[in-house]
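The block underneath contains the structure these notes are about, expressed in structure tokens.
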Protein chains: 2
Amino acid sequence: MPNQGRKIIIAASVLSALFATSLSAEEGPTPEQQAVTATENRQAVFKLLAVNIGPIVGMARGAPFDAAVAERNARRIAVLATMIPERFAAMDTRAFAVETEALPVIWENPDDFAAKAAALAEAALTFADTAAGGDQAATLGGLRNLGGSCGNCHDSYRVDDE
Amino acid sequence: MPNQGRKIIIAASVLSALFATSLSAEEGPTPEQQAVTATENRQAVFKLLAVNIGPIVGMARGAPFDAAVAERNARRIAVLATMIPERFAAMDTRAFAVETEALPVIWENPDDFAAKAAALAEAALTFADTAAGGDQAATLGGLRNLGGSCGNCHDSYRVDDE
């Protein structure tokens, strides 16, 4: 199908232009630059996890309960959680002076690290299913379990900054 | 249910500790600091969009076709797209000297901006559904449409850096 092939080539060139920054890895950034990008990309996952759990924590602290937002954000957290091991597997940055709270032990225990991310995804889906029922006490009561999934991983794999 | 209430309080305090950074907005960062955080959080969405479209573009450029990855990443893009208008609505940073490629006109046209993000989400779901069928030519042929949804918004709302 030559037409299909042509379409693919056009799509690739359109996207190369659109995502010049993200694709520049193919044009030879230094390993140091690659490490900074890899670090920023994985931190992007955690920023969005925080942004999405924020309103749920807010509800537990007295903001008006919104079951739809609680469910939506928890489902987003489940999706974001799948990106955690992937972003760390993308590049082992232990040899680089990047600004990070990620402990080197992450790359020594990729299976346990991935299992903890999978547990977060599962806890987020459980939370979302409860929120879908619309019961405020049941939903927010489940926050401890969801937060525990975050904490389990932070305890082992994040710099203890407290 | 006092026990339920107690659980909620524990959950909130656990999460306050876990997400000290994200919750510090309540403890009084300056407007400038808030603008930087808001900018970083919205850029996190675009970093993850790029990270997820990257492998699809790679397939169009000759990397081995993986329908499951194409579908998974497109579904992630659909989820991430819903966060775009939300992250820009979170704070109008026009008055601050933040490092950004976002054009000020975004905050003058929130409805059109949101519509373009919704179109991206829809295009990503269409792409994912095609990928689920497993047909390489059909899937990658759809990249032009998906990339077009990115470009439609970049044309109007992002600094033209080419």
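How things are named: the first chain in the structure tokens is A, the next is B, and so on; residues count from 1 in each chain; ligands count from 1 in the order shown.
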
- Item | All alpha helix (DSSP H) residues (DSSP, backbone) inside stretch 56-121 of chain A, as a ChimeraX atom specification | /A:56-60,67-90,110-121

Need to verify the contact set: stretch 67-80 of chain A, 6 Å, only C-alpha atoms, exclusion of same-chain residues closer than 2 positions in sequence. Can you return it as a compact mmCIF listing (two decimals) with N, CA and C atoms, in the first residue's frame?
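For reference, around25.txt as written:
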# COMPACT_ATOMS: atom_id res chain seq x y z
N LEU A 49 1.37 12.75 39.73
CA LEU A 49 0.79 11.97 40.82
C LEU A 49 0.38 12.91 41.95
N ASN A 52 -2.63 15.05 41.19
CA ASN A 52 -3.89 14.33 41.19
C ASN A 52 -4.32 13.81 42.55
N ILE A 56 -7.77 15.01 46.37
CA ILE A 56 -8.34 13.95 47.21
C ILE A 56 -7.95 14.18 48.66
N THR A 82 1.81 3.15 36.16
CA THR A 82 2.43 2.21 35.21
C THR A 82 3.66 2.81 34.54
N MET A 83 3.75 4.14 34.57
CA MET A 83 4.91 4.79 33.93
C MET A 83 6.13 4.83 34.84
N ALA A 121 -0.82 1.15 41.54
CA ALA A 121 -1.86 1.17 40.50
C ALA A 121 -3.11 0.42 40.97
N ALA A 124 -4.96 2.37 43.60
CA ALA A 124 -5.66 3.51 43.00
C ALA A 124 -6.95 3.05 42.33
N ALA A 128 -10.66 4.15 43.25
CA ALA A 128 -11.56 4.70 42.22
C ALA A 128 -12.90 3.96 42.22
N ALA A 131 -14.86 5.18 45.11
CA ALA A 131 -15.35 6.54 44.84
C ALA A 131 -16.54 6.50 43.87
N ALA A 132 -16.50 5.57 42.93
CA ALA A 132 -17.59 5.46 41.95
C ALA A 132 -18.92 5.17 42.65
N GLY A 134 -19.83 6.59 45.34
CA GLY A 134 -20.31 7.89 45.82
C GLY A 134 -20.36 8.07 47.33

Please, can I see chain B fitted onto chain A by all in-order Cα atoms (least squares), as a short mmCIF file (atom, residue, chain, number, x, y, z; two decimals) with N, CA and C atoms, in the first residue's frame?
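As written to disk, superposed-v9.cif reads:
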data_model
loop_
_atom_site.label_atom_id
_atom_site.label_comp_id
_atom_site.auth_asym_id
_atom_site.auth_seq_id
_atom_site.Cartn_x
_atom_site.Cartn_y
_atom_site.Cartn_z
N MET B 1 0.90 -1.21 0.04
CA MET B 1 0.06 -0.01 -0.02
C MET B 1 0.94 1.24 0.00
N PRO B 2 1.36 1.71 -1.18
CA PRO B 2 2.28 2.86 -1.22
C PRO B 2 1.67 4.10 -0.58
N ASN B 3 0.35 4.26 -0.72
CA ASN B 3 -0.29 5.45 -0.15
C ASN B 3 -0.19 5.44 1.37
N GLN B 4 -0.41 4.24 1.92
CA GLN B 4 -0.30 4.07 3.37
C GLN B 4 1.13 4.40 3.82
N GLY B 5 2.09 3.89 3.05
CA GLY B 5 3.49 4.14 3.39
C GLY B 5 3.83 5.62 3.35
N ARG B 6 3.27 6.27 2.36
CA ARG B 6 3.52 7.71 2.23
C ARG B 6 2.94 8.46 3.42
N LYS B 7 1.74 8.03 3.81
CA LYS B 7 1.10 8.66 4.96
C LYS B 7 1.97 8.52 6.21
N ILE B 8 2.53 7.34 6.36
CA ILE B 8 3.35 7.10 7.55
C ILE B 8 4.57 8.02 7.53
N ILE B 9 5.17 8.16 6.35
CA ILE B 9 6.35 9.03 6.26
C ILE B 9 5.98 10.48 6.58
N ILE B 10 4.83 10.92 6.06
CA ILE B 10 4.39 12.28 6.34
C ILE B 10 4.15 12.43 7.84
N ALA B 11 3.47 11.45 8.42
CA ALA B 11 3.16 11.51 9.86
C ALA B 11 4.45 11.60 10.66
N ALA B 12 5.43 10.81 10.29
CA ALA B 12 6.69 10.81 11.04
C ALA B 12 7.39 12.15 10.93
N SER B 13 7.34 12.74 9.73
CA SER B 13 8.07 14.01 9.59
C SER B 13 7.31 15.14 10.29
N VAL B 14 5.98 15.09 10.24
CA VAL B 14 5.18 16.08 10.98
C VAL B 14 5.53 15.98 12.45
N LEU B 15 5.57 14.77 12.95
CA LEU B 15 5.81 14.59 14.38
C LEU B 15 7.25 14.91 14.76
N SER B 16 8.16 14.68 13.86
CA SER B 16 9.55 15.04 14.15
C SER B 16 9.64 16.54 14.38
N ALA B 17 8.89 17.28 13.58
CA ALA B 17 8.91 18.73 13.72
C ALA B 17 8.21 19.14 15.02
N LEU B 18 7.09 18.48 15.30
CA LEU B 18 6.32 18.83 16.50
C LEU B 18 7.10 18.55 17.77
N PHE B 19 7.79 17.42 17.75
CA PHE B 19 8.45 16.99 18.98
C PHE B 19 9.95 17.06 18.84
N ALA B 20 10.40 18.13 18.27
CA ALA B 20 11.82 18.28 18.01
C ALA B 20 12.64 18.06 19.27
N THR B 21 12.16 18.56 20.37
CA THR B 21 12.91 18.44 21.62
C THR B 21 13.00 16.98 22.05
N SER B 22 11.85 16.32 22.05
CA SER B 22 11.84 14.96 22.56
C SER B 22 12.59 14.02 21.63
N LEU B 23 12.63 14.36 20.36
CA LEU B 23 13.28 13.46 19.42
C LEU B 23 14.77 13.77 19.27
N SER B 24 15.22 14.85 19.87
CA SER B 24 16.59 15.25 19.65
C SER B 24 17.58 14.24 20.22
N ALA B 25 17.08 13.30 21.05
CA ALA B 25 17.93 12.24 21.58
C ALA B 25 18.63 11.50 20.43
N GLU B 26 17.97 11.50 19.28
CA GLU B 26 18.55 10.77 18.15
C GLU B 26 19.64 11.58 17.46
N GLU B 27 19.75 12.83 17.83
CA GLU B 27 20.73 13.68 17.15
C GLU B 27 21.94 13.93 18.03
N GLY B 28 22.05 13.18 19.11
CA GLY B 28 23.27 13.17 19.86
C GLY B 28 23.46 14.09 21.03
N PRO B 29 22.54 14.14 21.99
CA PRO B 29 22.84 14.84 23.24
C PRO B 29 23.90 14.06 23.99
N THR B 30 24.61 14.73 24.87
CA THR B 30 25.62 14.04 25.67
C THR B 30 24.93 13.12 26.67
N PRO B 31 25.66 12.13 27.19
CA PRO B 31 25.08 11.28 28.24
C PRO B 31 24.58 12.10 29.42
N GLU B 32 25.28 13.18 29.76
CA GLU B 32 24.85 14.05 30.86
C GLU B 32 23.50 14.68 30.55
N GLN B 33 23.34 15.15 29.32
CA GLN B 33 22.07 15.75 28.91
C GLN B 33 20.96 14.71 28.92
N GLN B 34 21.30 13.51 28.48
CA GLN B 34 20.31 12.42 28.49
C GLN B 34 19.87 12.12 29.92
N ALA B 35 20.82 12.15 30.84
CA ALA B 35 20.50 11.86 32.25
C ALA B 35 19.58 12.92 32.83
N VAL B 36 19.83 14.18 32.46
CA VAL B 36 18.96 15.27 32.95
C VAL B 36 17.54 15.09 32.39
N THR B 37 17.46 14.79 31.11
CA THR B 37 16.14 14.60 30.50
C THR B 37 15.41 13.41 31.13
N ALA B 38 16.14 12.32 31.32
CA ALA B 38 15.52 11.13 31.92
C ALA B 38 15.01 11.44 33.32
N THR B 39 15.80 12.22 34.06
CA THR B 39 15.41 12.60 35.42
C THR B 39 14.17 13.49 35.40
N GLU B 40 14.17 14.46 34.50
CA GLU B 40 13.00 15.36 34.40
C GLU B 40 11.75 14.59 33.98
N ASN B 41 11.92 13.65 33.08
CA ASN B 41 10.75 12.88 32.63
C ASN B 41 10.17 12.01 33.74
N ARG B 42 11.04 11.41 34.55
CA ARG B 42 10.48 10.59 35.62
C ARG B 42 9.88 11.47 36.72
N GLN B 43 10.50 12.64 36.94
CA GLN B 43 9.93 13.56 37.94
C GLN B 43 8.57 14.09 37.48
N ALA B 44 8.39 14.16 36.16
CA ALA B 44 7.09 14.59 35.63
C ALA B 44 5.98 13.64 36.09
N VAL B 45 6.30 12.35 36.15
CA VAL B 45 5.29 11.37 36.62
C VAL B 45 4.90 11.69 38.06
N PHE B 46 5.89 11.97 38.90
CA PHE B 46 5.59 12.22 40.31
C PHE B 46 4.87 13.56 40.52
N LYS B 47 5.21 14.55 39.69
CA LYS B 47 4.48 15.82 39.78
C LYS B 47 3.00 15.60 39.49
N LEU B 48 2.72 14.80 38.48
CA LEU B 48 1.31 14.59 38.12
C LEU B 48 0.61 13.67 39.13
N LEU B 49 1.35 12.77 39.73
CA LEU B 49 0.77 11.98 40.82
C LEU B 49 0.36 12.92 41.96
N ALA B 50 1.25 13.84 42.32
CA ALA B 50 0.96 14.78 43.42
C ALA B 50 -0.21 15.68 43.07
N VAL B 51 -0.22 16.17 41.83
CA VAL B 51 -1.29 17.06 41.38
C VAL B 51 -2.65 16.35 41.45
N ASN B 52 -2.63 15.06 41.21
CA ASN B 52 -3.90 14.34 41.19
C ASN B 52 -4.33 13.82 42.56
N ILE B 53 -3.39 13.54 43.44
CA ILE B 53 -3.80 13.12 44.78
C ILE B 53 -4.14 14.35 45.62
N GLY B 54 -3.59 15.49 45.26
CA GLY B 54 -3.83 16.72 46.02
C GLY B 54 -5.29 17.00 46.34
N PRO B 55 -6.16 17.04 45.33
CA PRO B 55 -7.57 17.33 45.61
C PRO B 55 -8.23 16.26 46.48
N ILE B 56 -7.78 15.02 46.40
CA ILE B 56 -8.35 13.95 47.23
C ILE B 56 -7.95 14.19 48.68
N VAL B 57 -6.68 14.52 48.90
CA VAL B 57 -6.22 14.84 50.26
C VAL B 57 -6.98 16.06 50.77
N GLY B 58 -7.19 17.02 49.88
CA GLY B 58 -7.96 18.21 50.25
C GLY B 58 -9.35 17.85 50.75
N MET B 59 -9.99 16.90 50.07
CA MET B 59 -11.33 16.46 50.51
C MET B 59 -11.27 15.83 51.90
N ALA B 60 -10.21 15.06 52.14
CA ALA B 60 -10.06 14.42 53.46
C ALA B 60 -9.82 15.46 54.55
N ARG B 61 -9.32 16.64 54.13
CA ARG B 61 -9.04 17.70 55.09
C ARG B 61 -10.17 18.71 55.17
N GLY B 62 -11.28 18.43 54.50
CA GLY B 62 -12.43 19.30 54.69
C GLY B 62 -12.95 20.01 53.45
N ALA B 63 -12.27 19.89 52.33
CA ALA B 63 -12.81 20.48 51.11
C ALA B 63 -14.07 19.69 50.71
N PRO B 64 -14.98 20.32 49.97
CA PRO B 64 -16.22 19.62 49.59
C PRO B 64 -15.91 18.30 48.87
N PHE B 65 -16.65 17.25 49.25
CA PHE B 65 -16.43 15.95 48.64
C PHE B 65 -16.98 15.93 47.23
N ASP B 66 -16.17 15.47 46.29
CA ASP B 66 -16.59 15.35 44.90
C ASP B 66 -16.19 13.96 44.43
N ALA B 67 -17.16 13.06 44.44
CA ALA B 67 -16.87 11.65 44.11
C ALA B 67 -16.31 11.50 42.70
N ALA B 68 -16.84 12.32 41.78
CA ALA B 68 -16.40 12.19 40.38
C ALA B 68 -14.92 12.59 40.23
N VAL B 69 -14.53 13.64 40.92
CA VAL B 69 -13.12 14.06 40.87
C VAL B 69 -12.24 13.02 41.55
N ALA B 70 -12.72 12.51 42.70
CA ALA B 70 -11.94 11.49 43.41
C ALA B 70 -11.72 10.27 42.52
N GLU B 71 -12.79 9.84 41.84
CA GLU B 71 -12.66 8.68 40.97
C GLU B 71 -11.75 8.97 39.77
N ARG B 72 -12.00 10.10 39.13
CA ARG B 72 -11.20 10.45 37.95
C ARG B 72 -9.72 10.53 38.29
N ASN B 73 -9.39 11.24 39.38
CA ASN B 73 -7.99 11.41 39.75
C ASN B 73 -7.35 10.08 40.13
N ALA B 74 -8.10 9.21 40.81
CA ALA B 74 -7.54 7.91 41.17
C ALA B 74 -7.27 7.06 39.93
N ARG B 75 -8.14 7.15 38.94
CA ARG B 75 -7.89 6.39 37.70
C ARG B 75 -6.67 6.95 36.97
N ARG B 76 -6.50 8.27 37.04
CA ARG B 76 -5.29 8.86 36.45
C ARG B 76 -4.04 8.36 37.19
N ILE B 77 -4.14 8.28 38.51
CA ILE B 77 -3.00 7.80 39.30
C ILE B 77 -2.64 6.38 38.90
N ALA B 78 -3.66 5.56 38.65
CA ALA B 78 -3.41 4.17 38.23
C ALA B 78 -2.64 4.15 36.90
N VAL B 79 -3.00 5.04 36.00
CA VAL B 79 -2.32 5.10 34.71
C VAL B 79 -0.89 5.61 34.89
N LEU B 80 -0.74 6.67 35.66
CA LEU B 80 0.59 7.25 35.89
C LEU B 80 1.51 6.24 36.56
N ALA B 81 0.95 5.44 37.48
CA ALA B 81 1.78 4.46 38.21
C ALA B 81 2.47 3.49 37.25
N THR B 82 1.80 3.17 36.16
CA THR B 82 2.42 2.23 35.20
C THR B 82 3.65 2.83 34.54
N MET B 83 3.74 4.16 34.57
CA MET B 83 4.90 4.80 33.93
C MET B 83 6.11 4.85 34.84
N ILE B 84 5.93 4.62 36.14
CA ILE B 84 7.06 4.77 37.07
C ILE B 84 8.22 3.83 36.75
N PRO B 85 8.01 2.52 36.74
CA PRO B 85 9.17 1.64 36.47
C PRO B 85 9.74 1.87 35.07
N GLU B 86 8.86 2.20 34.14
CA GLU B 86 9.28 2.44 32.76
C GLU B 86 10.24 3.62 32.67
N ARG B 87 9.92 4.71 33.37
CA ARG B 87 10.76 5.91 33.32
C ARG B 87 12.11 5.68 34.00
N PHE B 88 12.14 4.82 35.03
CA PHE B 88 13.42 4.54 35.69
C PHE B 88 14.23 3.56 34.85
N ALA B 89 13.54 2.65 34.17
CA ALA B 89 14.25 1.70 33.30
C ALA B 89 14.81 2.41 32.07
N ALA B 90 14.21 3.54 31.73
CA ALA B 90 14.65 4.27 30.53
C ALA B 90 16.11 4.67 30.60
N MET B 91 16.58 4.98 31.81
CA MET B 91 18.00 5.32 31.97
C MET B 91 18.41 5.19 33.43
N ASP B 92 19.48 4.49 33.64
CA ASP B 92 20.10 4.39 34.96
C ASP B 92 20.99 5.63 35.11
N THR B 93 20.58 6.54 35.97
CA THR B 93 21.30 7.82 36.09
C THR B 93 22.26 7.85 37.27
N ARG B 94 22.53 6.68 37.84
CA ARG B 94 23.37 6.65 39.05
C ARG B 94 24.74 7.29 38.86
N ALA B 95 25.27 7.20 37.65
CA ALA B 95 26.62 7.71 37.43
C ALA B 95 26.66 9.22 37.15
N PHE B 96 25.47 9.85 37.17
CA PHE B 96 25.42 11.27 36.79
C PHE B 96 25.00 12.15 37.96
N ALA B 97 25.47 13.38 37.95
CA ALA B 97 25.18 14.30 39.05
C ALA B 97 23.85 15.01 38.84
N VAL B 98 22.80 14.23 38.69
CA VAL B 98 21.49 14.84 38.50
C VAL B 98 20.86 15.17 39.86
N GLU B 99 19.98 16.18 39.84
CA GLU B 99 19.29 16.57 41.06
C GLU B 99 18.10 15.63 41.24
N THR B 100 18.19 14.76 42.22
CA THR B 100 17.16 13.73 42.34
C THR B 100 17.00 13.26 43.77
N GLU B 101 15.79 12.83 44.11
CA GLU B 101 15.54 12.20 45.40
C GLU B 101 15.46 10.67 45.24
N ALA B 102 15.69 10.21 44.03
CA ALA B 102 15.63 8.76 43.77
C ALA B 102 16.90 8.10 44.32
N LEU B 103 16.73 7.07 45.13
CA LEU B 103 17.88 6.38 45.70
C LEU B 103 18.47 5.40 44.68
N PRO B 104 19.79 5.25 44.70
CA PRO B 104 20.46 4.36 43.73
C PRO B 104 19.95 2.93 43.79
N VAL B 105 19.44 2.53 44.96
CA VAL B 105 18.99 1.16 45.16
C VAL B 105 17.82 0.78 44.22
N ILE B 106 17.18 1.79 43.64
CA ILE B 106 16.09 1.53 42.68
C ILE B 106 16.59 0.62 41.56
N TRP B 107 17.79 0.91 41.06
CA TRP B 107 18.29 0.17 39.91
C TRP B 107 18.91 -1.18 40.31
N GLU B 108 19.00 -1.40 41.61
CA GLU B 108 19.47 -2.71 42.08
C GLU B 108 18.30 -3.65 42.33
N ASN B 109 17.09 -3.08 42.46
CA ASN B 109 15.90 -3.88 42.76
C ASN B 109 14.74 -3.57 41.82
N PRO B 110 15.00 -3.69 40.51
CA PRO B 110 13.96 -3.27 39.57
C PRO B 110 12.65 -4.07 39.73
N ASP B 111 12.75 -5.33 40.11
CA ASP B 111 11.53 -6.13 40.23
C ASP B 111 10.69 -5.68 41.42
N ASP B 112 11.35 -5.44 42.56
CA ASP B 112 10.60 -4.98 43.73
C ASP B 112 10.05 -3.58 43.46
N PHE B 113 10.84 -2.75 42.81
CA PHE B 113 10.40 -1.39 42.49
C PHE B 113 9.15 -1.44 41.60
N ALA B 114 9.19 -2.29 40.60
CA ALA B 114 8.04 -2.43 39.70
C ALA B 114 6.83 -2.99 40.43
N ALA B 115 7.07 -3.91 41.37
CA ALA B 115 5.96 -4.51 42.12
C ALA B 115 5.28 -3.44 42.98
N LYS B 116 6.08 -2.55 43.55
CA LYS B 116 5.51 -1.49 44.39
C LYS B 116 4.71 -0.50 43.53
N ALA B 117 5.17 -0.24 42.33
CA ALA B 117 4.41 0.64 41.43
C ALA B 117 3.10 -0.05 41.03
N ALA B 118 3.16 -1.35 40.79
CA ALA B 118 1.95 -2.10 40.43
C ALA B 118 0.96 -2.09 41.59
N ALA B 119 1.48 -2.17 42.82
CA ALA B 119 0.61 -2.13 44.00
C ALA B 119 -0.08 -0.77 44.11
N LEU B 120 0.65 0.29 43.74
CA LEU B 120 0.04 1.63 43.74
C LEU B 120 -1.10 1.69 42.72
N ALA B 121 -0.83 1.16 41.52
CA ALA B 121 -1.86 1.18 40.48
C ALA B 121 -3.10 0.42 40.95
N GLU B 122 -2.88 -0.71 41.60
CA GLU B 122 -4.01 -1.53 42.07
C GLU B 122 -4.78 -0.79 43.17
N ALA B 123 -4.04 -0.19 44.11
CA ALA B 123 -4.70 0.56 45.19
C ALA B 123 -5.50 1.74 44.63
N ALA B 124 -4.97 2.36 43.59
CA ALA B 124 -5.67 3.50 42.99
C ALA B 124 -6.96 3.04 42.32
N LEU B 125 -6.92 1.89 41.68
CA LEU B 125 -8.14 1.37 41.04
C LEU B 125 -9.18 0.99 42.09
N THR B 126 -8.72 0.39 43.19
CA THR B 126 -9.64 0.06 44.29
C THR B 126 -10.29 1.33 44.83
N PHE B 127 -9.46 2.35 45.03
CA PHE B 127 -9.96 3.64 45.52
C PHE B 127 -10.98 4.20 44.54
N ALA B 128 -10.67 4.14 43.25
CA ALA B 128 -11.56 4.69 42.22
C ALA B 128 -12.90 3.95 42.22
N ASP B 129 -12.84 2.65 42.37
CA ASP B 129 -14.08 1.86 42.37
C ASP B 129 -14.94 2.24 43.57
N THR B 130 -14.31 2.46 44.72
CA THR B 130 -15.07 2.89 45.90
C THR B 130 -15.67 4.28 45.66
N ALA B 131 -14.85 5.17 45.11
CA ALA B 131 -15.34 6.53 44.84
C ALA B 131 -16.53 6.50 43.88
N ALA B 132 -16.50 5.57 42.94
CA ALA B 132 -17.59 5.46 41.97
C ALA B 132 -18.91 5.17 42.66
N GLY B 133 -18.85 4.56 43.84
CA GLY B 133 -20.06 4.28 44.62
C GLY B 133 -20.64 5.54 45.27
N GLY B 134 -19.81 6.60 45.36
CA GLY B 134 -20.31 7.88 45.83
C GLY B 134 -20.36 8.06 47.34
N ASP B 135 -19.90 7.08 48.10
CA ASP B 135 -19.96 7.16 49.57
C ASP B 135 -18.72 7.89 50.09
N GLN B 136 -18.94 9.05 50.70
CA GLN B 136 -17.82 9.88 51.14
C GLN B 136 -16.94 9.19 52.17
N ALA B 137 -17.56 8.63 53.24
CA ALA B 137 -16.76 8.02 54.30
C ALA B 137 -15.98 6.82 53.78
N ALA B 138 -16.65 6.00 52.98
CA ALA B 138 -15.96 4.81 52.44
C ALA B 138 -14.82 5.23 51.52
N THR B 139 -15.07 6.24 50.70
CA THR B 139 -14.05 6.70 49.75
C THR B 139 -12.84 7.26 50.49
N LEU B 140 -13.08 8.24 51.35
CA LEU B 140 -11.96 8.90 52.01
C LEU B 140 -11.30 7.98 53.05
N GLY B 141 -12.06 7.03 53.59
CA GLY B 141 -11.45 6.02 54.46
C GLY B 141 -10.41 5.19 53.71
N GLY B 142 -10.60 5.07 52.41
CA GLY B 142 -9.67 4.30 51.58
C GLY B 142 -8.39 5.05 51.25
N LEU B 143 -8.32 6.32 51.65
CA LEU B 143 -7.14 7.12 51.34
C LEU B 143 -5.90 6.62 52.08
N ARG B 144 -6.15 6.04 53.26
CA ARG B 144 -5.02 5.52 54.03
C ARG B 144 -4.31 4.41 53.24
N ASN B 145 -5.12 3.55 52.64
CA ASN B 145 -4.56 2.46 51.84
C ASN B 145 -3.82 3.00 50.60
N LEU B 146 -4.43 3.96 49.96
CA LEU B 146 -3.80 4.55 48.77
C LEU B 146 -2.50 5.26 49.16
N GLY B 147 -2.57 6.06 50.22
CA GLY B 147 -1.37 6.77 50.68
C GLY B 147 -0.29 5.80 51.13
N GLY B 148 -0.71 4.69 51.70
CA GLY B 148 0.25 3.66 52.12
C GLY B 148 1.03 3.11 50.94
N SER B 149 0.36 2.99 49.81
CA SER B 149 1.03 2.49 48.60
C SER B 149 2.10 3.46 48.13
N CYS B 150 1.83 4.74 48.29
CA CYS B 150 2.86 5.74 47.96
C CYS B 150 4.02 5.58 48.95
N GLY B 151 3.67 5.55 50.23
CA GLY B 151 4.68 5.53 51.28
C GLY B 151 5.57 4.29 51.24
N ASN B 152 4.97 3.13 50.90
CA ASN B 152 5.76 1.90 50.83
C ASN B 152 6.96 2.05 49.91
N CYS B 153 6.74 2.76 48.83
CA CYS B 153 7.81 2.93 47.85
C CYS B 153 8.76 4.04 48.29
N HIS B 154 8.21 5.12 48.81
CA HIS B 154 9.06 6.22 49.29
C HIS B 154 10.01 5.75 50.39
N ASP B 155 9.49 4.90 51.29
CA ASP B 155 10.32 4.42 52.39
C ASP B 155 11.60 3.75 51.89
N SER B 156 11.47 2.97 50.84
CA SER B 156 12.62 2.19 50.35
C SER B 156 13.44 2.94 49.30
N TYR B 157 12.77 3.78 48.53
CA TYR B 157 13.42 4.22 47.30
C TYR B 157 13.57 5.74 47.12
N ARG B 158 13.11 6.49 48.14
CA ARG B 158 13.23 7.94 48.01
C ARG B 158 14.07 8.49 49.17
N VAL B 159 14.82 9.53 48.90
CA VAL B 159 15.58 10.20 49.96
C VAL B 159 14.61 10.59 51.07
N ASP B 160 14.98 10.29 52.30
CA ASP B 160 14.16 10.65 53.44
C ASP B 160 14.46 12.09 53.80
N ASP B 161 13.58 12.99 53.41
CA ASP B 161 13.88 14.41 53.60
C ASP B 161 13.11 15.02 54.78
N GLU B 162 12.76 14.16 55.72
CA GLU B 162 12.02 14.70 56.88
C GLU B 162 12.83 14.62 58.15
#
